[in-house]
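Below is the file upload.cif, which contains mmCIF, C-alpha atoms.
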data_final
#
loop_
_atom_site.label_atom_id
_atom_site.label_comp_id
_atom_site.auth_asym_id
_atom_site.auth_seq_id
_atom_site.Cartn_x
_atom_site.Cartn_y
_atom_site.Cartn_z
CA MET A 1 17.50 6.15 16.72
CA LYS A 2 18.35 2.79 15.23
CA SER A 3 16.59 2.30 11.92
CA ALA A 4 16.48 -0.18 9.06
CA VAL A 5 15.38 -0.13 5.43
CA ILE A 6 14.13 -3.34 3.85
CA THR A 7 14.86 -4.06 0.20
CA PHE A 8 12.74 -6.43 -1.88
CA PRO A 9 13.46 -7.50 -5.46
CA GLY A 10 12.06 -4.51 -7.37
CA SER A 11 12.33 -1.91 -4.58
CA ASN A 12 13.71 1.31 -6.04
CA CYS A 13 13.34 3.93 -3.32
CA ASP A 14 15.39 2.07 -0.72
CA ARG A 15 18.49 4.17 -1.34
CA ASP A 16 16.51 7.42 -1.06
CA ALA A 17 14.97 6.22 2.21
CA TYR A 18 18.44 5.28 3.45
CA ASP A 19 19.77 8.75 2.60
CA ALA A 20 16.83 10.45 4.34
CA LEU A 21 17.36 8.36 7.47
CA GLN A 22 21.08 9.06 7.48
CA LYS A 23 20.28 12.76 7.78
CA VAL A 24 18.61 12.17 11.14
CA SER A 25 19.55 8.75 12.45
CA SER A 26 22.75 7.59 14.07
CA PHE A 27 22.48 4.07 12.73
CA VAL A 28 20.79 2.85 9.54
CA GLN A 29 20.81 -0.79 8.56
CA LYS A 30 20.09 -2.26 5.11
CA ILE A 31 18.06 -5.45 5.22
CA TRP A 32 17.32 -7.95 2.42
CA HIS A 33 13.80 -9.37 2.30
CA THR A 34 14.87 -12.96 3.03
CA GLU A 35 16.16 -11.98 6.48
CA THR A 36 14.54 -14.04 9.21
CA ASN A 37 15.99 -12.29 12.23
CA LEU A 38 15.65 -8.57 12.92
CA ASP A 39 17.40 -6.89 15.85
CA ASN A 40 15.12 -6.38 18.83
CA ASP A 41 16.57 -2.94 19.52
CA LEU A 42 15.45 -1.43 16.20
CA ASP A 43 13.40 1.74 16.68
CA LEU A 44 12.14 2.15 13.12
CA ILE A 45 11.71 -0.04 10.05
CA VAL A 46 11.11 1.57 6.67
CA ILE A 47 9.48 -0.39 3.86
CA PRO A 48 10.36 1.67 0.78
CA GLY A 49 8.68 2.33 -2.53
CA GLY A 50 9.21 0.60 -5.83
CA PHE A 51 7.72 -2.36 -7.65
CA SER A 52 8.42 -5.32 -5.40
CA PHE A 53 8.13 -8.57 -7.36
CA GLY A 54 7.16 -6.54 -10.42
CA ASP A 55 3.73 -5.77 -8.92
CA TYR A 56 2.77 -9.30 -10.05
CA LEU A 57 -0.61 -10.61 -8.84
CA ARG A 58 -1.40 -7.42 -6.84
CA SER A 59 0.93 -4.60 -5.79
CA GLY A 60 2.64 -5.67 -2.58
CA ALA A 61 1.01 -9.12 -2.43
CA MET A 62 4.11 -11.25 -2.96
CA ALA A 63 6.30 -9.07 -0.74
CA SER A 64 3.75 -9.26 2.06
CA ILE A 65 4.65 -12.92 2.59
CA SER A 66 8.40 -12.48 2.29
CA PRO A 67 10.28 -14.04 5.25
CA VAL A 68 11.19 -10.65 6.72
CA ILE A 69 7.53 -9.62 7.07
CA SER A 70 6.87 -12.09 9.91
CA GLU A 71 9.77 -10.43 11.73
CA VAL A 72 8.31 -7.00 10.99
CA SER A 73 4.96 -8.20 12.39
CA ARG A 74 6.68 -9.47 15.52
CA LEU A 75 8.37 -6.11 16.11
CA VAL A 76 5.14 -4.20 15.37
CA GLU A 77 3.56 -6.19 18.22
CA LYS A 78 6.39 -4.98 20.47
CA GLY A 79 5.65 -1.37 19.52
CA VAL A 80 8.48 -0.76 17.05
CA ARG A 81 7.55 1.90 14.48
CA VAL A 82 7.13 0.92 10.84
CA LEU A 83 6.84 3.36 7.95
CA GLY A 84 5.63 2.09 4.57
CA ILE A 85 6.02 4.46 1.65
CA CYS A 86 4.15 3.92 -1.63
CA ASN A 87 4.79 0.24 -2.47
CA GLY A 88 5.66 -0.11 1.23
CA PHE A 89 2.11 1.07 2.06
CA GLN A 90 0.72 -1.51 -0.37
CA ILE A 91 2.85 -4.22 1.25
CA LEU A 92 1.65 -3.28 4.76
CA THR A 93 -2.02 -3.42 3.74
CA GLU A 94 -1.49 -6.78 2.01
CA ALA A 95 0.24 -8.01 5.20
CA LYS A 96 -2.84 -6.83 7.17
CA LEU A 97 -0.67 -4.58 9.30
CA LEU A 98 -2.76 -1.63 8.07
CA PRO A 99 -6.48 -1.44 7.23
CA GLY A 100 -7.80 -1.18 3.66
CA VAL A 101 -6.16 -1.70 0.30
CA LEU A 102 -4.74 0.35 -2.60
CA LEU A 103 -6.59 0.00 -5.91
CA ARG A 104 -5.59 1.11 -9.41
CA ASN A 105 -5.78 4.92 -9.75
CA GLU A 106 -9.28 5.99 -10.69
CA LYS A 107 -8.15 7.53 -13.97
CA MET A 108 -5.88 4.58 -14.82
CA LYS A 109 -2.76 6.69 -15.13
CA PHE A 110 0.60 6.57 -13.40
CA ILE A 111 0.86 9.94 -11.64
CA CYS A 112 4.19 11.52 -10.74
CA ARG A 113 3.97 15.06 -9.36
CA GLU A 114 4.15 17.25 -6.29
CA LEU A 115 0.96 17.89 -4.39
CA TYR A 116 -0.36 19.19 -1.09
CA LEU A 117 -1.14 17.12 1.95
CA ARG A 118 -2.77 18.08 5.22
CA VAL A 119 -1.26 16.66 8.41
CA GLU A 120 -4.35 15.43 10.28
CA ASN A 121 -2.75 14.84 13.67
CA SER A 122 0.58 16.13 14.94
CA GLU A 123 0.52 14.06 18.11
CA THR A 124 1.97 10.85 16.71
CA GLY A 125 5.51 9.53 16.65
CA PHE A 126 5.64 10.23 12.91
CA THR A 127 4.32 13.80 12.89
CA ASN A 128 5.35 15.56 16.11
CA LYS A 129 7.49 18.06 14.18
CA TYR A 130 4.46 19.24 12.19
CA LYS A 131 1.49 21.29 13.29
CA THR A 132 -1.98 19.75 13.21
CA ARG A 133 -3.71 20.68 9.93
CA GLU A 134 -0.44 21.99 8.52
CA ILE A 135 -0.25 21.88 4.72
CA ILE A 136 2.88 20.31 3.28
CA LYS A 137 4.19 19.71 -0.23
CA ILE A 138 5.33 16.16 -1.02
CA PRO A 139 5.52 14.29 -4.35
CA ILE A 140 3.57 11.18 -5.32
CA ALA A 141 4.59 8.63 -7.97
CA HIS A 142 2.24 5.68 -8.31
CA MET A 143 -0.25 3.70 -10.39
CA ASP A 144 -2.05 1.95 -7.53
CA GLY A 145 -2.76 4.56 -4.88
CA ASN A 146 -6.54 4.63 -4.78
CA TYR A 147 -7.22 3.95 -1.10
CA PHE A 148 -10.24 1.72 -0.53
CA ALA A 149 -11.80 0.05 2.49
CA SER A 150 -15.20 -1.28 3.50
CA ASN A 151 -17.68 1.18 5.03
CA ASP A 152 -17.17 -0.37 8.47
CA THR A 153 -13.39 -0.01 8.18
CA ILE A 154 -13.68 3.61 7.03
CA LYS A 155 -15.93 4.36 10.00
CA MET A 156 -13.39 2.77 12.35
CA ILE A 157 -10.55 4.75 10.72
CA GLU A 158 -12.42 8.01 11.21
CA ASP A 159 -13.63 7.19 14.73
CA GLU A 160 -10.13 6.26 15.88
CA ASN A 161 -8.53 9.23 14.11
CA LEU A 162 -6.28 6.99 12.01
CA VAL A 163 -6.03 9.21 8.92
CA ALA A 164 -2.47 10.56 8.85
CA PHE A 165 -2.58 12.70 5.71
CA ARG A 166 -5.23 13.81 3.22
CA TYR A 167 -4.80 15.16 -0.30
CA VAL A 168 -5.83 18.84 -0.23
CA ASP A 169 -5.58 21.97 -2.35
CA GLU A 170 -2.96 24.57 -1.47
CA PHE A 171 -5.35 26.16 1.04
CA GLY A 172 -5.96 22.89 2.85
CA ASN A 173 -9.42 22.13 1.46
CA VAL A 174 -10.35 18.50 0.88
CA THR A 175 -11.70 18.65 -2.68
CA ASN A 176 -12.23 16.24 -5.56
CA ASP A 177 -9.80 18.22 -7.69
CA ALA A 178 -7.10 17.79 -5.07
CA ASN A 179 -7.63 14.04 -5.02
CA PRO A 180 -5.18 12.58 -7.56
CA ASN A 181 -6.21 8.95 -7.55
CA GLY A 182 -9.79 8.50 -6.29
CA SER A 183 -8.90 7.61 -2.69
CA ILE A 184 -11.87 7.47 -0.31
CA LEU A 185 -12.10 10.75 1.68
CA ASN A 186 -8.84 11.91 0.04
CA ILE A 187 -6.86 9.57 2.28
CA ALA A 188 -3.12 9.69 1.50
CA GLY A 189 -1.85 7.88 4.60
CA VAL A 190 -3.22 5.83 7.51
CA TYR A 191 -2.06 4.49 10.86
CA ASN A 192 -2.80 1.19 12.55
CA LEU A 193 -4.80 1.30 15.79
CA LYS A 194 -1.70 1.63 17.98
CA LYS A 195 -0.35 4.34 15.66
CA ASN A 196 3.05 2.69 15.47
CA VAL A 197 2.58 1.72 11.81
CA LEU A 198 2.11 4.38 9.13
CA GLY A 199 1.51 3.78 5.44
CA MET A 200 1.49 6.65 2.94
CA MET A 201 1.46 6.92 -0.84
CA PRO A 202 3.42 10.23 -1.04
CA HIS A 203 7.20 10.08 -0.82
CA PRO A 204 8.61 12.08 2.14
CA GLU A 205 12.10 10.75 1.33
CA ARG A 206 11.91 12.65 -1.99
CA ALA A 207 11.21 15.91 -0.18
CA ILE A 208 14.22 16.35 2.08
CA ASP A 209 16.12 19.07 0.23
CA ILE A 210 14.71 22.45 -0.79
CA ASN A 211 16.99 22.40 -3.85
CA THR A 212 14.92 19.57 -5.32
CA GLY A 213 11.54 21.19 -4.66
CA SER A 214 10.60 20.74 -1.01
CA ASP A 215 12.04 19.69 2.33
CA ASP A 216 8.65 19.15 3.96
CA GLY A 217 9.28 15.41 4.15
CA LEU A 218 12.36 15.75 6.30
CA ARG A 219 10.36 16.59 9.43
CA LEU A 220 8.68 13.19 9.27
CA PHE A 221 12.07 11.54 9.76
CA GLU A 222 13.04 14.17 12.34
CA SER A 223 9.78 13.48 14.21
CA LEU A 224 10.70 9.81 14.48
CA ASN A 225 14.23 10.61 15.62
CA ASN A 226 12.82 13.16 18.08
CA LEU A 227 11.51 10.27 20.19
CA PHE A 228 14.99 9.00 21.06
CA MET B 1 -5.53 -32.67 -10.83
CA LYS B 2 -5.49 -29.41 -12.74
CA VAL B 3 -7.44 -26.57 -11.20
CA ARG B 4 -8.39 -23.17 -12.59
CA ILE B 5 -8.92 -20.43 -9.99
CA ASN B 6 -10.95 -17.46 -11.24
CA ILE B 7 -10.42 -14.16 -9.42
CA ALA B 8 -12.52 -11.04 -9.93
CA LEU B 9 -13.02 -7.70 -8.23
CA LYS B 10 -16.17 -7.56 -6.14
CA LYS B 11 -19.18 -5.87 -7.73
CA ALA B 12 -18.92 -2.80 -5.49
CA VAL B 13 -15.24 -2.23 -6.30
CA LEU B 14 -14.29 0.08 -9.14
CA ASP B 15 -12.80 -1.97 -12.01
CA THR B 16 -10.84 0.61 -13.98
CA GLN B 17 -9.59 -1.91 -16.53
CA GLY B 18 -13.08 -3.25 -17.18
CA LYS B 19 -14.33 0.30 -17.65
CA ALA B 20 -11.54 1.09 -20.13
CA ILE B 21 -12.25 -2.08 -22.13
CA GLU B 22 -15.96 -1.32 -22.17
CA ARG B 23 -15.32 2.19 -23.42
CA VAL B 24 -13.22 0.95 -26.32
CA LEU B 25 -15.68 -1.83 -27.23
CA VAL B 26 -18.63 0.54 -27.22
CA LYS B 27 -17.18 3.82 -28.47
CA ASN B 28 -14.35 2.71 -30.77
CA LEU B 29 -15.65 -0.60 -32.08
CA GLY B 30 -19.32 0.35 -32.06
CA TYR B 31 -20.69 -2.52 -29.94
CA SER B 32 -23.47 -0.43 -28.42
CA GLN B 33 -25.18 -3.59 -27.11
CA ILE B 34 -22.27 -4.31 -24.72
CA SER B 35 -22.19 -3.13 -21.10
CA GLU B 36 -21.09 -4.22 -17.61
CA VAL B 37 -17.58 -5.29 -18.68
CA ARG B 38 -15.52 -6.65 -15.80
CA GLN B 39 -11.96 -7.90 -16.09
CA GLY B 40 -10.65 -10.67 -13.85
CA LYS B 41 -7.80 -13.13 -13.95
CA PHE B 42 -7.30 -16.84 -13.63
CA VAL B 43 -4.51 -18.90 -12.12
CA ASP B 44 -4.06 -22.51 -13.23
CA VAL B 45 -2.37 -24.88 -10.83
CA GLU B 46 -1.54 -28.57 -10.96
CA ILE B 47 -2.17 -30.20 -7.56
CA GLN B 48 -0.85 -33.66 -6.72
CA GLU B 49 -4.03 -34.72 -5.01
CA THR B 50 -6.96 -36.96 -5.97
CA ASN B 51 -9.41 -36.16 -3.22
CA ASN B 52 -11.77 -33.28 -4.08
CA GLU B 53 -12.13 -32.22 -0.45
CA ASN B 54 -8.36 -31.92 -0.08
CA VAL B 55 -8.12 -29.96 -3.32
CA LYS B 56 -10.75 -27.53 -2.09
CA LYS B 57 -8.85 -27.08 1.16
CA ILE B 58 -5.57 -26.36 -0.64
CA VAL B 59 -7.23 -23.91 -3.04
CA ASP B 60 -8.98 -22.09 -0.19
CA ASP B 61 -5.68 -21.91 1.70
CA ILE B 62 -3.61 -20.48 -1.18
CA CYS B 63 -6.36 -18.00 -2.04
CA ASP B 64 -6.48 -16.90 1.57
CA LYS B 65 -2.71 -16.61 1.94
CA LEU B 66 -1.74 -15.07 -1.39
CA LEU B 67 -3.90 -15.26 -4.48
CA VAL B 68 -6.92 -13.25 -3.32
CA ASN B 69 -7.36 -10.06 -1.33
CA LYS B 70 -10.78 -10.64 0.17
CA ILE B 71 -11.38 -6.96 0.86
CA ILE B 72 -11.76 -6.36 -2.87
CA GLU B 73 -11.85 -9.74 -4.64
CA ASP B 74 -13.98 -12.88 -4.90
CA TYR B 75 -12.85 -16.20 -6.33
CA SER B 76 -14.20 -19.50 -7.55
CA PHE B 77 -12.45 -22.56 -8.93
CA GLU B 78 -13.07 -25.40 -11.31
CA ILE B 79 -11.33 -28.70 -11.85
CA ILE B 80 -10.29 -28.67 -15.49
CA LYS B 81 -8.50 -32.03 -15.61
CA ASN B 82 -8.66 -34.95 -13.21
#
Structure rendered as structure tokens:
Amino acid sequence: MKSAVITFPGSNCDRDAYDALQKVSSFVQKIWHTETNLDNDLDLIVIPGGFSFGDYLRSGAMASISPVISEVSRLVEKGVRVLGICNGFQILTEAKLLPGVLLRNEKMKFICRELYLRVENSETGFTNKYKTREIIKIPIAHMDGNYFASNDTIKMIEDENLVAFRYVDEFGNVTNDANPNGSILNIAGVYNLKKNVLGMMPHPERAIDINTGSDDGLRLFESLNNLF
Amino acid sequence: MKVRINIALKKAVLDTQGKAIERVLVKNLGYSQISEVRQGKFVDVEIQETNNENVKKIVDDICDKLLVNKIIEDYSFEIIKN
């Protein structure tokens, strides 16, 4: 698999994403956000977490019109997979490559902790190494992770089975207590219609080594590599 | 001309900052007559343009492309200096 990680001014999880990809991928490229030409033979683009452009205006808004994003959009059209983590998820919604938007956390706090997610569908390019409805442990670290969309969009997301992960308790129940940030229907990650773009608030790249808490995130990267 | 663009979260969208401000005004400062606090933001821009129609078009364009996320926000603008 040939993959790339994009760095914006203020990205701070790009190195972690790079390390995670290096565990599974034969070739990982580092890309600066002003790049106007991405290789056509890329298989995966990762938009990492952080605080691109200082979260000015709205989280992800400035980055979503960086020069490299039109290239990302072009490759998305061609079917290339794109994974946006945390701020990367915010950037992808602002760029309209994913439905909805991430609001300020309901309780107005920055939350940094491990929690449980339920894998809603194991038949995608991002999740084929998981079981459907498997419960995994992955950390979150964000201030703006409260997933919101119009009623029509939420209906479309549910009808098309676009929810990738939901926040759950350790037994897999979707409860209010398990919802850290107020996200509608406990949504922690969503796909686009073609399911080649995934945005998620939790950080799989921070869960790739059991010695630091969990390696449940590693299989997401292995799933992607599994396709090639 | 100088234009002020006012941006606010739509009514149906949870405004956590507005809620926090309201709580402090009412509970800590005792203004029990205050409610419905909403926080927005404004962006002032100087536009080298004299025609109002053209100004409106530019403002609509920049709001559409960057300043406003129409899923959650509404905007209005006023000319503050010709």
Using all atoms listed in the file, find all polymer residues with an atom at most 12 Å away from the point (20.5, 12.1, 3.3); report them as number ranges by chain. A: 14-26, 28, 204-209, 215, 217-218, 221-222
Residues just named, written with C-alpha atoms as a short mmCIF file (atom, residue, chain, number, x, y, z; two decimals), in the coordinates of the input:
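Final output, out20.cif:
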data_model
loop_
_atom_site.label_atom_id
_atom_site.label_comp_id
_atom_site.auth_asym_id
_atom_site.auth_seq_id
_atom_site.Cartn_x
_atom_site.Cartn_y
_atom_site.Cartn_z
CA ASP A 14 15.39 2.07 -0.72
CA ARG A 15 18.49 4.17 -1.34
CA ASP A 16 16.51 7.42 -1.06
CA ALA A 17 14.97 6.22 2.21
CA TYR A 18 18.44 5.28 3.45
CA ASP A 19 19.77 8.75 2.60
CA ALA A 20 16.83 10.45 4.34
CA LEU A 21 17.36 8.36 7.47
CA GLN A 22 21.08 9.06 7.48
CA LYS A 23 20.28 12.76 7.78
CA VAL A 24 18.61 12.17 11.14
CA SER A 25 19.55 8.75 12.45
CA SER A 26 22.75 7.59 14.07
CA VAL A 28 20.79 2.85 9.54
CA PRO A 204 8.61 12.08 2.14
CA GLU A 205 12.10 10.75 1.33
CA ARG A 206 11.91 12.65 -1.99
CA ALA A 207 11.21 15.91 -0.18
CA ILE A 208 14.22 16.35 2.08
CA ASP A 209 16.12 19.07 0.23
CA ASP A 215 12.04 19.69 2.33
CA GLY A 217 9.28 15.41 4.15
CA LEU A 218 12.36 15.75 6.30
CA PHE A 221 12.07 11.54 9.76
CA GLU A 222 13.04 14.17 12.34
#
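In this model, the gap between CA of Thr16 (chain B) and CA of Pro202 (chain A) comes to 21.5 Å.
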Go through B:Asn69, B:Asn54, B:Gln33, B:Asn82 and flag the residue nearest chain A, using only C-alpha atoms for the distances.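 That would be B:Asn69, the residue with the smallest distance to chain A.
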Which distance in Å separates CA of Asp216 (chain A) and CA of Thr175 (chain A), to one decimal?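 Spanning CA of Asp216 (chain A) to CA of Thr175 (chain A) is a straight-line distance of 21.4 Å.
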For chain B versus chain A, which residues have an atom no more than 10 Å away, and what is each residue's nearest atom pair and distance in Å rounded to one decimal, using all atoms listed in the file, chain-then-number order, as a Markdown table?
| residue | atom | partner | partner_atom | distance |
| --- | --- | --- | --- | --- |
| B:Ala12 | CA | A:Ser150 | CA | 9.8 |
| B:Val13 | CA | A:Phe148 | CA | 8.6 |
| B:Leu14 | CA | A:Glu106 | CA | 7.9 |
| B:Asp15 | CA | A:Arg104 | CA | 8.3 |
| B:Thr16 | CA | A:Met108 | CA | 6.4 |
| B:Gln17 | CA | A:Met108 | CA | 7.7 |
| B:Lys19 | CA | A:Met108 | CA | 9.9 |
| B:Ala20 | CA | A:Met108 | CA | 8.5 |
| B:Lys41 | CA | A:Leu57 | CA | 9.2 |
| B:Val43 | CA | A:Leu57 | CA | 9.7 |
| B:Lys65 | CA | A:Ile65 | CA | 8.3 |
| B:Leu66 | CA | A:Ala61 | CA | 6.6 |
| B:Leu67 | CA | A:Leu57 | CA | 7.2 |
| B:Val68 | CA | A:Arg58 | CA | 8.8 |
| B:Asn69 | CA | A:Glu94 | CA | 7.5 |
| B:Ile71 | CA | A:Ala149 | CA | 7.2 |
| B:Ile72 | CA | A:Val101 | CA | 7.9 |
Would you mind exporting the chosen residues as an mmCIF file, keeping the file's coordinate frame, restricted to C-alpha atoms?
data_model
loop_
_atom_site.group_PDB
_atom_site.id
_atom_site.type_symbol
_atom_site.label_atom_id
_atom_site.label_comp_id
_atom_site.auth_asym_id
_atom_site.auth_seq_id
_atom_site.Cartn_x
_atom_site.Cartn_y
_atom_site.Cartn_z
ATOM 1 C CA ALA B 12 -18.920 -2.800 -5.490
ATOM 2 C CA VAL B 13 -15.240 -2.230 -6.300
ATOM 3 C CA LEU B 14 -14.290 0.080 -9.140
ATOM 4 C CA ASP B 15 -12.800 -1.970 -12.010
ATOM 5 C CA THR B 16 -10.840 0.610 -13.980
ATOM 6 C CA GLN B 17 -9.590 -1.910 -16.530
ATOM 7 C CA LYS B 19 -14.330 0.300 -17.650
ATOM 8 C CA ALA B 20 -11.540 1.090 -20.130
ATOM 9 C CA LYS B 41 -7.800 -13.130 -13.950
ATOM 10 C CA VAL B 43 -4.510 -18.900 -12.120
ATOM 11 C CA LYS B 65 -2.710 -16.610 1.940
ATOM 12 C CA LEU B 66 -1.740 -15.070 -1.390
ATOM 13 C CA LEU B 67 -3.900 -15.260 -4.480
ATOM 14 C CA VAL B 68 -6.920 -13.250 -3.320
ATOM 15 C CA ASN B 69 -7.360 -10.060 -1.330
ATOM 16 C CA ILE B 71 -11.380 -6.960 0.860
ATOM 17 C CA ILE B 72 -11.760 -6.360 -2.870
#
Taking all atoms listed in the file into account, which of A:Val168, A:Val72, A:Ile135, A:Leu115 comes nearest Leu44 (chain A)?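 Comparing A:Val168, A:Val72, A:Ile135, A:Leu115 against Leu44 (chain A), the winner is A:Val72.
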Extract, using all atoms listed in the file, all DNA, RNA and protein residues at most 9 Å from Tyr75 (chain B), discarding same-chain residues fewer than 3 positions from it, and format them as a CSV table (one decimal) with C-alpha atoms, in the coordinates of the input.
chain,number,residue,atom,x,y,z
B,5,ILE,CA,-8.9,-20.4,-10.0
B,6,ASN,CA,-11.0,-17.5,-11.2
B,7,ILE,CA,-10.4,-14.2,-9.4
B,8,ALA,CA,-12.5,-11.0,-9.9
B,9,LEU,CA,-13.0,-7.7,-8.2
B,63,CYS,CA,-6.4,-18.0,-2.0
B,68,VAL,CA,-6.9,-13.2,-3.3
B,70,LYS,CA,-10.8,-10.6,0.2
Please measure the separation of CA of Lys81 (chain B) and CA of Gly18 (chain B), giving the value in Å to one decimal.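 Interatomic distance here is 29.2 Å.
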